[in-house]
>>> print(open('target.txt').read())   # compact mmCIF, C-alpha atoms and all ligand atoms
# COMPACT_ATOMS: atom_id res chain seq x y z
CA MET A 12 -32.05 20.61 13.98
CA SER A 13 -34.09 19.62 10.89
CA ASP A 14 -32.44 17.61 8.09
CA ALA A 15 -32.39 20.70 5.89
CA ALA A 16 -30.90 22.78 8.68
CA SER A 17 -28.22 20.21 9.45
CA ARG A 18 -27.34 19.99 5.74
CA SER A 19 -27.04 23.76 5.47
CA ALA A 20 -24.91 23.80 8.63
CA GLY A 21 -22.65 21.25 6.98
CA VAL A 22 -23.56 18.54 9.52
CA LYS A 23 -23.81 15.06 8.00
CA SER A 24 -26.73 13.12 9.47
CA THR A 25 -25.51 9.83 7.98
CA GLY A 26 -22.39 8.54 6.31
CA VAL A 27 -18.80 8.14 7.38
CA HIS A 28 -17.53 10.46 10.09
CA ARG A 29 -14.46 8.68 11.38
CA PRO A 30 -11.37 8.86 9.16
CA THR A 31 -10.65 5.15 9.75
CA VAL A 32 -11.19 3.31 6.48
CA ALA A 33 -9.87 0.29 4.62
CA GLU A 34 -8.91 1.39 1.13
CA ILE A 35 -9.25 -1.48 -1.30
CA ASP A 36 -7.20 -1.29 -4.47
CA LEU A 37 -9.21 -3.30 -6.99
CA GLY A 38 -6.44 -2.70 -9.50
CA ALA A 39 -4.04 -4.55 -7.19
CA ILE A 40 -6.45 -7.49 -7.06
CA THR A 41 -6.81 -7.71 -10.84
CA HIS A 42 -3.03 -7.25 -11.13
CA ASN A 43 -2.48 -10.19 -8.75
CA PHE A 44 -4.95 -12.24 -10.78
CA GLY A 45 -2.84 -11.44 -13.85
CA VAL A 46 0.38 -12.42 -12.04
CA VAL A 47 -1.04 -15.87 -11.22
CA ARG A 48 -2.62 -16.29 -14.65
CA ASP A 49 0.73 -15.52 -16.31
CA HIS A 50 2.49 -17.91 -13.95
CA LEU A 51 0.02 -20.71 -14.74
CA GLY A 52 0.28 -19.97 -18.45
CA ASP A 53 4.08 -20.34 -18.39
CA GLU A 54 3.95 -24.11 -18.12
CA GLY A 55 3.18 -24.72 -21.80
CA ALA A 56 0.13 -26.99 -21.39
CA ALA A 57 -3.36 -25.45 -21.41
CA PRO A 58 -3.51 -23.35 -18.24
CA PRO A 59 -6.10 -24.29 -15.63
CA ARG A 60 -9.19 -22.21 -15.14
CA ILE A 61 -9.14 -19.85 -12.17
CA TYR A 62 -11.96 -19.59 -9.65
CA ALA A 63 -11.50 -16.68 -7.24
CA VAL A 64 -12.15 -17.52 -3.60
CA VAL A 65 -14.30 -14.65 -2.33
CA LYS A 66 -15.62 -16.21 0.88
CA ALA A 67 -15.61 -14.16 4.09
CA ASP A 68 -16.42 -11.03 2.11
CA ALA A 69 -13.46 -11.63 -0.18
CA TYR A 70 -11.13 -12.02 2.81
CA GLY A 71 -12.42 -8.70 4.13
CA HIS A 72 -12.04 -6.78 0.86
CA GLY A 73 -15.75 -6.80 -0.10
CA ALA A 74 -17.10 -9.74 -2.08
CA VAL A 75 -19.24 -7.88 -4.60
CA PRO A 76 -16.79 -5.19 -5.75
CA VAL A 77 -13.97 -7.74 -5.83
CA ALA A 78 -16.03 -10.27 -7.78
CA LYS A 79 -17.16 -7.63 -10.26
CA ALA A 80 -13.59 -6.47 -10.87
CA LEU A 81 -12.37 -10.06 -11.33
CA ALA A 82 -15.27 -10.95 -13.61
CA GLN A 83 -14.23 -8.05 -15.81
CA ALA A 84 -10.61 -9.24 -15.69
CA GLY A 85 -11.65 -12.66 -16.99
CA VAL A 86 -11.91 -14.95 -13.96
CA ASP A 87 -13.78 -18.20 -14.68
CA GLY A 88 -15.86 -18.48 -11.52
CA PHE A 89 -15.99 -18.00 -7.77
CA CYS A 90 -15.77 -20.08 -4.62
CA VAL A 91 -17.62 -19.16 -1.45
CA ALA A 92 -18.05 -20.97 1.84
CA LEU A 93 -21.72 -20.27 2.47
CA VAL A 94 -24.93 -20.25 0.46
CA GLU A 95 -25.53 -16.74 1.80
CA GLU A 96 -22.25 -15.61 0.26
CA GLY A 97 -23.21 -17.13 -3.08
CA MET A 98 -26.62 -15.42 -2.92
CA GLU A 99 -24.92 -12.09 -2.35
CA LEU A 100 -23.02 -12.53 -5.63
CA ARG A 101 -26.17 -13.56 -7.50
CA ASP A 102 -28.13 -10.62 -6.03
CA ALA A 103 -25.39 -8.34 -7.35
CA GLY A 104 -25.94 -9.73 -10.85
CA ILE A 105 -22.89 -11.99 -11.02
CA ALA A 106 -23.75 -14.85 -13.38
CA LEU A 107 -20.45 -16.79 -13.44
CA PRO A 108 -20.30 -20.24 -11.79
CA VAL A 109 -20.24 -20.11 -7.98
CA LEU A 110 -19.10 -23.11 -5.99
CA VAL A 111 -20.37 -23.37 -2.40
CA MET A 112 -17.48 -25.14 -0.71
CA SER A 113 -18.63 -25.87 2.81
CA GLY A 114 -21.88 -24.48 3.97
CA LEU A 115 -25.00 -26.38 2.97
CA TYR A 116 -27.12 -26.36 6.11
CA GLY A 117 -30.80 -27.03 6.59
CA GLU A 118 -32.70 -25.59 3.66
CA GLY A 119 -29.45 -24.29 2.17
CA LEU A 120 -29.34 -26.87 -0.57
CA GLY A 121 -32.68 -25.84 -2.11
CA ALA A 122 -31.74 -22.18 -1.83
CA ALA A 123 -28.37 -22.83 -3.46
CA LEU A 124 -29.95 -24.67 -6.38
CA ASP A 125 -32.62 -22.00 -6.85
CA ALA A 126 -29.87 -19.40 -7.15
CA GLY A 127 -27.89 -21.48 -9.65
CA LEU A 128 -25.06 -22.10 -7.19
CA THR A 129 -23.05 -25.30 -7.46
CA PRO A 130 -23.03 -27.34 -4.25
CA VAL A 131 -20.03 -29.26 -3.05
CA ILE A 132 -21.16 -32.59 -1.66
CA HIS A 133 -19.20 -34.58 0.87
CA ASP A 134 -21.71 -36.85 2.59
CA PRO A 135 -24.24 -39.45 1.33
CA SER A 136 -27.08 -37.71 3.22
CA GLN A 137 -26.69 -34.84 0.74
CA LEU A 138 -27.72 -37.14 -2.11
CA GLU A 139 -31.08 -37.70 -0.42
CA ALA A 140 -31.39 -33.99 0.27
CA LEU A 141 -30.74 -33.28 -3.43
CA ALA A 142 -33.46 -35.74 -4.41
CA ARG A 143 -35.87 -34.06 -1.95
CA ALA A 144 -34.98 -30.60 -3.27
CA ARG A 145 -35.10 -31.43 -6.98
CA GLY A 146 -36.88 -34.76 -7.48
CA ARG A 147 -35.34 -36.39 -10.56
CA ALA A 148 -34.24 -33.12 -12.20
CA ALA A 149 -30.53 -33.16 -13.06
CA VAL A 150 -28.31 -31.37 -10.56
CA GLY A 151 -24.63 -30.62 -11.14
CA VAL A 152 -22.39 -30.95 -8.09
CA HIS A 153 -18.72 -31.10 -7.20
CA LEU A 154 -17.71 -34.06 -5.06
CA LYS A 155 -15.14 -33.39 -2.36
CA VAL A 156 -12.85 -36.20 -1.30
CA ASP A 157 -10.71 -36.12 1.82
CA THR A 158 -7.20 -37.08 0.81
CA GLY A 159 -5.46 -36.08 4.03
CA MET A 160 -6.79 -32.75 5.29
CA GLY A 161 -9.06 -34.65 7.67
CA ARG A 162 -11.67 -31.92 7.69
CA LEU A 163 -14.34 -32.42 5.05
CA GLY A 164 -14.87 -34.81 2.17
CA VAL A 165 -15.59 -38.45 1.44
CA THR A 166 -12.65 -40.57 2.59
CA LEU A 167 -11.18 -43.06 0.16
CA ASP A 168 -12.43 -45.90 2.36
CA ALA A 169 -15.98 -44.58 2.15
CA LEU A 170 -15.80 -43.69 -1.53
CA PRO A 171 -16.88 -47.05 -3.02
CA GLY A 172 -20.05 -46.94 -0.87
CA PHE A 173 -20.62 -43.33 -1.85
CA VAL A 174 -20.22 -44.20 -5.52
CA ALA A 175 -22.79 -47.00 -5.16
CA ALA A 176 -25.21 -44.50 -3.63
CA LEU A 177 -24.48 -42.12 -6.52
CA ALA A 178 -25.31 -44.86 -9.02
CA ASP A 179 -28.84 -44.92 -7.54
CA GLN A 180 -29.16 -41.16 -8.03
CA ARG A 181 -28.39 -40.73 -11.71
CA HIS A 182 -29.88 -37.23 -11.69
CA VAL A 183 -26.91 -36.11 -9.59
CA VAL A 184 -24.22 -35.19 -12.10
CA VAL A 185 -20.72 -35.14 -10.64
CA GLU A 186 -19.34 -32.28 -12.71
CA GLY A 187 -16.32 -31.74 -10.52
CA LEU A 188 -14.02 -33.73 -8.28
CA MET A 189 -12.04 -31.80 -5.69
CA THR A 190 -9.87 -32.07 -2.64
CA HIS A 191 -8.01 -29.60 -0.43
CA LEU A 192 -4.33 -29.71 0.43
CA ALA A 193 -3.24 -29.34 4.06
CA THR A 194 0.45 -28.53 3.71
CA ALA A 195 1.09 -27.10 0.25
CA ASP A 196 2.88 -24.16 1.92
CA ALA A 197 5.27 -26.40 3.92
CA ASP A 198 8.93 -26.92 3.06
CA ASP A 199 8.40 -30.65 2.67
CA LEU A 200 5.94 -31.53 -0.07
CA ALA A 201 5.84 -35.28 0.66
CA ALA A 202 2.40 -35.07 2.33
CA THR A 203 1.11 -33.00 -0.60
CA ARG A 204 2.33 -35.62 -3.06
CA ALA A 205 0.61 -38.33 -0.99
CA GLN A 206 -2.61 -36.30 -1.16
CA LEU A 207 -2.28 -36.01 -4.94
CA ALA A 208 -1.77 -39.77 -5.24
CA ALA A 209 -4.89 -40.34 -3.11
CA PHE A 210 -6.79 -37.90 -5.30
CA ASP A 211 -5.83 -39.88 -8.40
CA ARG A 212 -6.98 -43.09 -6.71
CA ALA A 213 -10.32 -41.44 -5.90
CA ASP A 214 -10.62 -40.35 -9.53
CA GLY A 215 -9.94 -43.96 -10.56
CA ILE A 216 -12.66 -45.31 -8.24
CA LEU A 217 -15.16 -42.87 -9.72
CA GLY A 218 -14.03 -43.57 -13.29
CA ALA A 219 -14.37 -47.35 -12.81
CA ALA A 220 -18.01 -46.76 -11.89
CA GLY A 221 -18.56 -44.64 -15.00
CA PHE A 222 -18.38 -41.20 -13.35
CA VAL A 223 -16.03 -38.92 -15.25
CA PRO A 224 -15.98 -35.40 -13.83
CA ALA A 225 -15.52 -32.58 -16.32
CA VAL A 226 -13.20 -30.72 -13.93
CA ARG A 227 -10.79 -31.80 -11.26
CA HIS A 228 -9.38 -29.32 -8.77
CA VAL A 229 -6.95 -29.44 -5.92
CA ALA A 230 -4.75 -26.35 -5.79
CA ALA A 231 -5.27 -23.16 -3.79
CA SER A 232 -2.75 -20.29 -3.90
CA ALA A 233 0.30 -22.10 -2.54
CA ALA A 234 0.02 -25.13 -4.83
CA ALA A 235 -0.83 -22.90 -7.79
CA PHE A 236 2.62 -21.35 -7.38
CA ARG A 237 4.76 -24.29 -6.42
CA VAL A 238 3.13 -27.66 -7.20
CA PRO A 239 2.58 -27.85 -10.97
CA GLU A 240 1.14 -31.37 -10.76
CA ALA A 241 -1.60 -30.08 -8.42
CA ARG A 242 -2.99 -27.60 -10.92
CA ARG A 243 -5.31 -29.93 -12.84
CA ASP A 244 -8.28 -28.27 -14.63
CA LEU A 245 -8.99 -25.50 -12.17
CA VAL A 246 -7.27 -23.56 -9.41
CA ARG A 247 -9.14 -22.10 -6.41
CA LEU A 248 -7.27 -18.89 -5.82
CA GLY A 249 -7.69 -16.95 -2.58
CA ILE A 250 -4.95 -15.26 -0.58
CA ALA A 251 -2.65 -14.50 -3.52
CA LEU A 252 -5.39 -12.38 -5.10
CA TYR A 253 -5.27 -10.12 -2.07
CA GLY A 254 -1.53 -9.64 -2.37
CA VAL A 255 -0.31 -12.00 0.33
CA ALA A 256 2.46 -14.46 -0.49
CA PRO A 257 1.01 -17.94 0.17
CA PHE A 258 4.39 -19.12 1.46
CA PRO A 259 7.59 -17.21 2.24
CA HIS A 260 9.16 -15.65 -0.86
CA ALA A 261 6.26 -16.74 -3.10
CA GLY A 262 4.71 -14.67 -5.78
CA PRO A 263 7.06 -11.79 -6.41
CA GLY A 264 5.00 -8.97 -7.79
CA LEU A 265 1.89 -9.56 -5.69
CA LEU A 266 0.53 -6.21 -4.53
CA PRO A 267 -1.23 -5.83 -1.16
CA ALA A 268 -4.80 -4.77 -1.88
CA MET A 269 -5.91 -3.47 1.49
CA ARG A 270 -4.65 -0.29 3.10
CA LEU A 271 -5.94 0.41 6.59
CA ARG A 272 -5.62 4.09 7.34
CA THR A 273 -6.82 6.67 9.81
CA GLU A 274 -5.92 10.15 11.01
CA VAL A 275 -4.39 11.51 14.19
CA ILE A 276 -7.10 12.91 16.50
CA ALA A 277 -4.86 14.19 19.30
CA VAL A 278 -1.18 15.03 19.79
CA ARG A 279 -0.16 14.95 23.46
CA GLU A 280 3.06 15.82 25.22
CA VAL A 281 3.72 13.61 28.24
CA PRO A 282 6.55 13.64 30.77
CA ALA A 283 9.04 10.82 31.27
CA GLY A 284 7.62 8.10 33.48
CA ALA A 285 3.97 8.67 32.47
CA ARG A 286 1.77 5.59 32.27
CA ILE A 287 -0.22 5.22 29.08
CA GLY A 288 -3.49 3.42 28.40
CA TYR A 289 -5.51 0.74 30.20
CA GLY A 290 -3.62 -0.93 33.00
CA GLY A 291 -0.87 1.67 32.69
CA ALA A 292 0.96 -1.03 30.78
CA TRP A 293 3.36 1.36 29.06
CA ARG A 294 5.58 3.86 30.81
CA THR A 295 7.32 6.58 28.84
CA GLY A 296 11.09 6.40 29.16
CA ARG A 297 11.58 10.03 28.15
CA ARG A 298 9.55 13.17 27.64
CA SER A 299 7.38 11.99 24.76
CA VAL A 300 4.94 13.10 22.14
CA LEU A 301 2.12 10.66 21.55
CA ALA A 302 -0.43 10.64 18.77
CA THR A 303 -3.87 9.17 19.42
CA LEU A 304 -5.45 7.23 16.56
CA PRO A 305 -9.19 6.47 16.31
CA ILE A 306 -8.84 2.76 15.70
CA GLY A 307 -8.82 -0.15 18.11
CA TYR A 308 -9.37 -3.85 18.52
CA ALA A 309 -13.06 -3.54 17.66
CA ASP A 310 -11.88 -2.52 14.20
CA GLY A 311 -9.62 -5.55 13.90
CA PHE A 312 -6.42 -3.94 15.13
CA PHE A 313 -5.57 -6.75 17.53
CA ARG A 314 -5.02 -5.96 21.22
CA ARG A 315 -2.11 -8.35 20.96
CA LEU A 316 -0.35 -5.56 19.03
CA SER A 317 -0.20 -3.40 22.19
CA SER A 318 3.25 -1.84 22.71
CA GLU A 319 4.37 -4.05 19.85
CA ALA A 320 3.23 -3.01 16.38
CA GLU A 321 4.37 -0.11 14.27
CA VAL A 322 2.27 2.39 12.38
CA LEU A 323 3.31 4.65 9.51
CA LEU A 324 3.16 8.42 9.86
CA HIS A 325 4.73 10.60 7.19
CA GLY A 326 6.21 7.38 5.76
CA GLN A 327 8.06 6.56 8.98
CA ARG A 328 7.46 3.74 11.46
CA CYS A 329 6.20 4.82 14.88
CA ARG A 330 5.64 2.38 17.71
CA VAL A 331 2.29 1.60 19.30
CA VAL A 332 2.54 2.34 23.03
CA GLY A 333 0.28 1.06 25.79
CA ASN A 334 -2.65 -1.29 25.36
CA VAL A 335 -4.67 -0.99 22.18
CA SER A 336 -8.17 -0.19 23.40
CA MET A 337 -11.50 -0.86 21.72
CA ASP A 338 -11.59 2.36 19.71
CA MET A 339 -8.21 4.03 20.20
CA THR A 340 -4.51 3.40 19.90
CA SER A 341 -1.57 5.55 21.05
CA VAL A 342 1.60 5.88 19.01
CA ASP A 343 4.97 7.33 20.02
CA VAL A 344 5.76 10.13 17.57
CA THR A 345 8.48 11.83 19.63
CA ASP A 346 11.15 11.58 16.93
CA LEU A 347 8.86 12.82 14.19
CA ALA A 348 7.57 15.62 16.40
CA ALA A 349 11.15 16.83 16.90
CA SER A 350 11.13 17.81 13.25
CA GLY A 351 7.77 19.47 13.76
CA VAL A 352 5.72 17.37 11.39
CA VAL A 353 3.02 15.72 13.52
CA ARG A 354 -0.41 17.36 13.61
CA VAL A 355 -4.01 16.45 14.23
CA GLY A 356 -5.41 15.26 10.90
CA ASP A 357 -2.18 13.63 9.74
CA GLU A 358 -2.65 10.27 8.05
CA ALA A 359 -1.58 7.10 9.90
CA VAL A 360 -1.34 3.77 8.07
CA LEU A 361 -1.68 0.54 10.03
CA LEU A 362 -1.63 -1.83 7.08
CA GLY A 363 -0.28 -1.05 3.63
CA ALA A 364 2.05 1.56 2.21
CA GLN A 365 2.63 5.23 2.91
CA ARG A 366 4.90 7.77 1.32
CA GLY A 367 5.62 10.89 3.32
CA ARG A 368 8.13 13.58 4.15
CA ALA A 369 10.00 11.15 6.39
CA GLY A 370 10.20 8.29 3.88
CA PHE A 371 8.32 5.40 2.28
CA ASP A 372 7.42 2.09 3.88
CA CYS A 373 4.86 -0.66 3.75
CA ILE A 374 3.38 -2.76 6.55
CA ARG A 375 2.21 -6.06 5.12
CA ALA A 376 -0.40 -8.42 6.55
CA GLU A 377 2.41 -10.98 6.87
CA GLU A 378 4.25 -8.68 9.31
CA ILE A 379 1.19 -8.09 11.50
CA ALA A 380 0.40 -11.81 11.45
CA GLN A 381 3.87 -12.59 12.71
CA ARG A 382 3.59 -10.08 15.54
CA VAL A 383 0.18 -11.38 16.58
CA GLY A 384 1.14 -15.03 16.18
CA THR A 385 -1.44 -15.75 13.49
CA ILE A 386 -1.71 -15.99 9.71
CA PRO A 387 -2.34 -13.14 7.24
CA TYR A 388 -5.79 -14.60 6.44
CA GLU A 389 -6.90 -13.74 9.99
CA VAL A 390 -5.36 -10.26 9.85
CA LEU A 391 -7.35 -9.40 6.70
CA THR A 392 -10.64 -10.97 7.74
CA ALA A 393 -10.41 -9.41 11.21
CA VAL A 394 -10.91 -5.87 9.85
CA SER A 395 -14.41 -5.41 11.14
CA ARG A 396 -17.66 -4.20 9.66
CA ARG A 397 -17.44 -0.81 11.25
CA VAL A 398 -14.43 0.03 9.08
CA PRO A 399 -15.87 1.27 5.78
CA ARG A 400 -14.29 -0.13 2.64
CA VAL A 401 -13.41 2.55 0.10
CA TYR A 402 -12.62 1.36 -3.44
CA ARG A 403 -9.80 2.65 -5.60
CA ASN A 404 -8.73 1.93 -9.12
CA PRO A 405 -11.87 0.07 -10.20
CA THR A 406 -10.73 -0.68 -13.71
CA GLY A 407 -7.48 -2.30 -12.62
CA HIS A 408 -4.46 -2.77 -14.81
CA VAL A 409 -4.70 -6.28 -16.19
C1 LIG B 1 -11.45 -25.50 0.06
C2 LIG B 1 -10.64 -24.27 -0.16
N1 LIG B 1 -10.11 -24.04 -1.38
C3 LIG B 1 -9.37 -22.94 -1.63
C4 LIG B 1 -9.11 -22.02 -0.64
C5 LIG B 1 -8.24 -20.82 -0.97
O1 LIG B 1 -7.02 -20.91 -0.30
P1 LIG B 1 -5.91 -19.75 -0.45
O2 LIG B 1 -6.51 -18.55 0.15
O3 LIG B 1 -4.76 -20.27 0.33
O4 LIG B 1 -5.65 -19.59 -1.92
C6 LIG B 1 -9.63 -22.21 0.63
C7 LIG B 1 -9.33 -21.23 1.69
O5 LIG B 1 -9.38 -21.41 2.84
C8 LIG B 1 -10.41 -23.37 0.88
O6 LIG B 1 -10.95 -23.60 2.09
>>> encode(input="target.txt", output="structure tokens", more="lines below")
Ligand SMILES: Cc1ncc(COP(=O)(O)O)c(C=O)c1O
Amino acid sequence: MSDAASRSAGVKSTGVHRPTVAEIDLGAITHNFGVVRDHLGDEGAAPPRIYAVVKADAYGHGAVPVAKALAQAGVDGFCVALVEEGMELRDAGIALPVLVMSGLYGEGLGAALDAGLTPVIHDPSQLEALARARGRAAVGVHLKVDTGMGRLGVTLDALPGFVAALADQRHVVVEGLMTHLATADADDLAATRAQLAAFDRADGILGAAGFVPAVRHVAASAAAFRVPEARRDLVRLGIALYGVAPFPHAGPGLLPAMRLRTEVIAVREVPAGARIGYGGAWRTGRRSVLATLPIGYADGFFRRLSSEAEVLLHGQRCRVVGNVSMDMTSVDVTDLAASGVVRVGDEAVLLGAQRGRAGFDCIRAEEIAQRVGTIPYEVLTAVSRRVPRVYRNPTGHV
């Protein structure tokens, strides 16, 4: 069939065919930004700046649309993990500061500087690389110190040596000093306070050598909410923007921004005792009606959720039965079917809210994370590339 013929026959040659999509509510994201901004502004002193963490494609929500919405809502800058992620923002015309927090590999430094990205440095070898990339031209960087996370950053023991190396490279301007907290979401904040004390000592070591950073930053979402003394000049805000509470009971008013939905592609009646799915892992205990959904673990709906998770249909929770397969998942809709409401084409929601004839409910990333034995960050970033992101509410309500 020619292109023209397929168009006239109503056949799409490209585009989205499967009804499985992740709806992203940009209004929820700008709302969540407003919630945190108001919270930070409540303390009386000048509120810290907010950089939105949009690494990993904005935790699966789509870095460019999210960054554009937040830029419009008044965010001060962005944090990414990789140079490539920073480039993507620049290519989309985003001119706000972008901090590259972890990924300067190979030629990455030169590329980052060319694109006007701000590198985070954490190792003396990067000073030489900066000199190679820029000669004696001034380069602004943020220096990361390791105060207890044990992952990345100059340790306090190594800092005096690092500062001496910095003194030889006066073209490197330490605009920012940062660290990352390991346990700001824990019940006991003693380790967090020890990290803050170490951060202040690091600041003192730098200051004694004449390096006075313009900005200091420590807090991510959890500390932004619950550790006022961690807020400093800037907060690096990630998970809260996407509507996930950074610790239990945090952030009332945060709205989930991702809704993973699909549609029923088959409704099947099966007898009691029937085995369902790969390995026959589920056996029906009664005559059952099952709905088949076109979504599976290749979309980020974890196989670990087999015979475990719930899915919303008509606003009511229905249980996943049998093993989640790569592209399909079966759901027990027997009770709903008894009232005659389940049909091919009905919407099923795997993450997010649904209102329907049978009620209203919401499945949050926190709930799925608990079932899988992981954290909500992994639930959101697991939603794979083959699930198209569809954007709603672009202007937001901040
Ligand atoms: C260095 C750094 N800062 C900030 C964040 C944002 O953390 P959160 O999503 O908990 O706000 C991250 C996320 O992993 C990070 O690695």
>>> residues_near_ligand(input="target.txt", ligand="ligand LIG 1 (chain B)", cutoff="10 Å", atoms="all atoms listed in the file", output="VMD selection string")
chain A and resid 62 to 67 69 to 70 90 to 92 111 to 113 131 155 162 to 163 189 to 193 195 to 196 228 to 235 246 to 253 255 to 258 387 to 388
>>> closest_atom_pairs(input="target.txt", of="range 225-324 of chain A", to="range 365-384 of chain A", cutoff="12 Å", atoms="all atoms listed in the file", output="CSV")
residue,atom,partner,partner_atom,distance
A:Ile250,CA,A:Ala376,CA,10.9
A:Ala251,CA,A:Ala376,CA,12.0
A:Tyr253,CA,A:Ala376,CA,10.0
A:Gly254,CA,A:Ala376,CA,9.1
A:Val255,CA,A:Glu377,CA,7.2
A:Ala256,CA,A:Glu377,CA,8.1
A:Pro257,CA,A:Glu377,CA,9.8
A:Phe258,CA,A:Glu377,CA,10.0
A:Pro259,CA,A:Glu377,CA,9.3
A:His260,CA,A:Glu377,CA,11.3
A:Leu265,CA,A:Arg375,CA,11.4
A:Leu266,CA,A:Arg375,CA,9.8
A:Pro267,CA,A:Arg375,CA,7.2
A:Ala268,CA,A:Arg375,CA,10.0
A:Met269,CA,A:Ala376,CA,9.0
A:Arg270,CA,A:Ile374,CA,9.1
A:Leu271,CA,A:Ile374,CA,9.8
A:Arg272,CA,A:Gln365,CA,9.4
A:Thr273,CA,A:Gln365,CA,11.8
A:Gly311,CA,A:Ile379,CA,11.4
A:Phe312,CA,A:Ile379,CA,9.4
A:Phe313,CA,A:Val383,CA,7.4
A:Arg314,CA,A:Val383,CA,8.8
A:Arg315,CA,A:Val383,CA,5.8
A:Leu316,CA,A:Val383,CA,6.3
A:Ser317,CA,A:Val383,CA,9.8
A:Ser318,CA,A:Arg382,CA,10.9
A:Glu319,CA,A:Arg382,CA,7.5
A:Ala320,CA,A:Arg382,CA,7.1
A:Glu321,CA,A:Ile374,CA,8.2
A:Val322,CA,A:Ile374,CA,7.9
A:Leu323,CA,A:Gln365,CA,6.7
A:Leu324,CA,A:Gly367,CA,7.4
>>> atom_distance(input="target.txt", atom1="CA of Arg237 in chain A", atom2="CA of Asp168 in chain A")
29.0 Å
>>> closest_residue(input="target.txt", among="A:Tyr308, A:Phe173, A:Trp293, A:Tyr116", to="Val94 in chain A", atoms="only C-alpha atoms")
A:Tyr116
>>> closest_atom_pairs(input="target.txt", of="range 67-186 of chain A", to="range 48-60 of chain A", cutoff="12 Å", atoms="all atoms listed in the file", output="CSV")
residue,atom,partner,partner_atom,distance
A:Ala84,CA,A:Arg48,CA,10.7
A:Gly85,CA,A:Arg48,CA,10.0
A:Val86,CA,A:Arg60,CA,7.8
A:Asp87,CA,A:Arg60,CA,6.1
A:Gly88,CA,A:Arg60,CA,8.5
A:Phe89,CA,A:Arg60,CA,10.9
A:Pro108,CA,A:Arg60,CA,11.8
>>> write_last_selection(input="target.txt", atoms="C-alpha atoms", output="PDB file, in the coordinates of the input")
ATOM      1  CA  ALA A  84     -10.610  -9.240 -15.690  1.00  0.00           C
ATOM      2  CA  GLY A  85     -11.650 -12.660 -16.990  1.00  0.00           C
ATOM      3  CA  VAL A  86     -11.910 -14.950 -13.960  1.00  0.00           C
ATOM      4  CA  ASP A  87     -13.780 -18.200 -14.680  1.00  0.00           C
ATOM      5  CA  GLY A  88     -15.860 -18.480 -11.520  1.00  0.00           C
ATOM      6  CA  PHE A  89     -15.990 -18.000  -7.770  1.00  0.00           C
ATOM      7  CA  PRO A 108     -20.300 -20.240 -11.790  1.00  0.00           C
TER       8      PRO A 108
END
>>> closest_residue(input="target.txt", among="A:Val223, A:Ala261, A:Leu207, A:Val300", to="Phe236 in chain A", atoms="all atoms listed in the file")
A:Ala261
>>> residues_near_point(input="target.txt", point="(9.8, 3.7, 14.0)", cutoff="10 Å", atoms="only C-alpha atoms", output="NGL selection string")
:A and (320-324 or 326-331 or 342-347)
>>> write_last_selection(input="target.txt", atoms="C-alpha atoms", output="short mmCIF file (atom, residue, chain, number, x, y, z; two decimals), in the frame of the given file")
data_model
loop_
_atom_site.label_atom_id
_atom_site.label_comp_id
_atom_site.auth_asym_id
_atom_site.auth_seq_id
_atom_site.Cartn_x
_atom_site.Cartn_y
_atom_site.Cartn_z
CA ALA A 320 3.23 -3.01 16.38
CA GLU A 321 4.37 -0.11 14.27
CA VAL A 322 2.27 2.39 12.38
CA LEU A 323 3.31 4.65 9.51
CA LEU A 324 3.16 8.42 9.86
CA GLY A 326 6.21 7.38 5.76
CA GLN A 327 8.06 6.56 8.98
CA ARG A 328 7.46 3.74 11.46
CA CYS A 329 6.20 4.82 14.88
CA ARG A 330 5.64 2.38 17.71
CA VAL A 331 2.29 1.60 19.30
CA VAL A 342 1.60 5.88 19.01
CA ASP A 343 4.97 7.33 20.02
CA VAL A 344 5.76 10.13 17.57
CA THR A 345 8.48 11.83 19.63
CA ASP A 346 11.15 11.58 16.93
CA LEU A 347 8.86 12.82 14.19
#
>>> atom_distance(input="target.txt", atom1="CA of Val281 in chain A", atom2="CA of Ala349 in chain A")
13.9 Å
>>> residues_around(input="target.txt", residues="Asp68 in chain A", least_positions_apart="3", cutoff="10 Å", atoms="all atoms listed in the file", output="list in words")
Val64, Val65, Gly71, His72, Gly73, Ala74, Val75, Pro76, Val77, Ala78, Val91, Glu96, Glu99 and Thr392 of chain A
>>> decode(input="target.txt", residues="range 267-271 of chain A", atoms="N, CA, C and O atoms", output="PDB file, in the first residue's frame")
ATOM      1  N   PRO A 267       1.726  13.452  42.346  1.00  0.00           N
ATOM      2  CA  PRO A 267       2.448  12.576  41.407  1.00  0.00           C
ATOM      3  C   PRO A 267       2.316  13.131  39.985  1.00  0.00           C
ATOM      4  O   PRO A 267       1.232  13.567  39.576  1.00  0.00           O
ATOM      5  N   ALA A 268       3.418  13.103  39.246  1.00  0.00           N
ATOM      6  CA  ALA A 268       3.405  13.740  37.924  1.00  0.00           C
ATOM      7  C   ALA A 268       3.321  12.733  36.783  1.00  0.00           C
ATOM      8  O   ALA A 268       3.078  13.123  35.647  1.00  0.00           O
ATOM      9  N   MET A 269       3.551  11.461  37.101  1.00  0.00           N
ATOM     10  CA  MET A 269       3.497  10.470  36.021  1.00  0.00           C
ATOM     11  C   MET A 269       2.306   9.544  36.220  1.00  0.00           C
ATOM     12  O   MET A 269       2.043   9.080  37.330  1.00  0.00           O
ATOM     13  N   ARG A 270       1.593   9.316  35.117  1.00  0.00           N
ATOM     14  CA  ARG A 270       0.462   8.390  35.147  1.00  0.00           C
ATOM     15  C   ARG A 270       0.691   7.391  34.019  1.00  0.00           C
ATOM     16  O   ARG A 270       0.718   7.772  32.838  1.00  0.00           O
ATOM     17  N   LEU A 271       0.881   6.137  34.410  1.00  0.00           N
ATOM     18  CA  LEU A 271       1.164   5.096  33.423  1.00  0.00           C
ATOM     19  C   LEU A 271      -0.144   4.385  33.131  1.00  0.00           C
ATOM     20  O   LEU A 271      -0.717   3.765  34.024  1.00  0.00           O
TER      21      LEU A 271
END
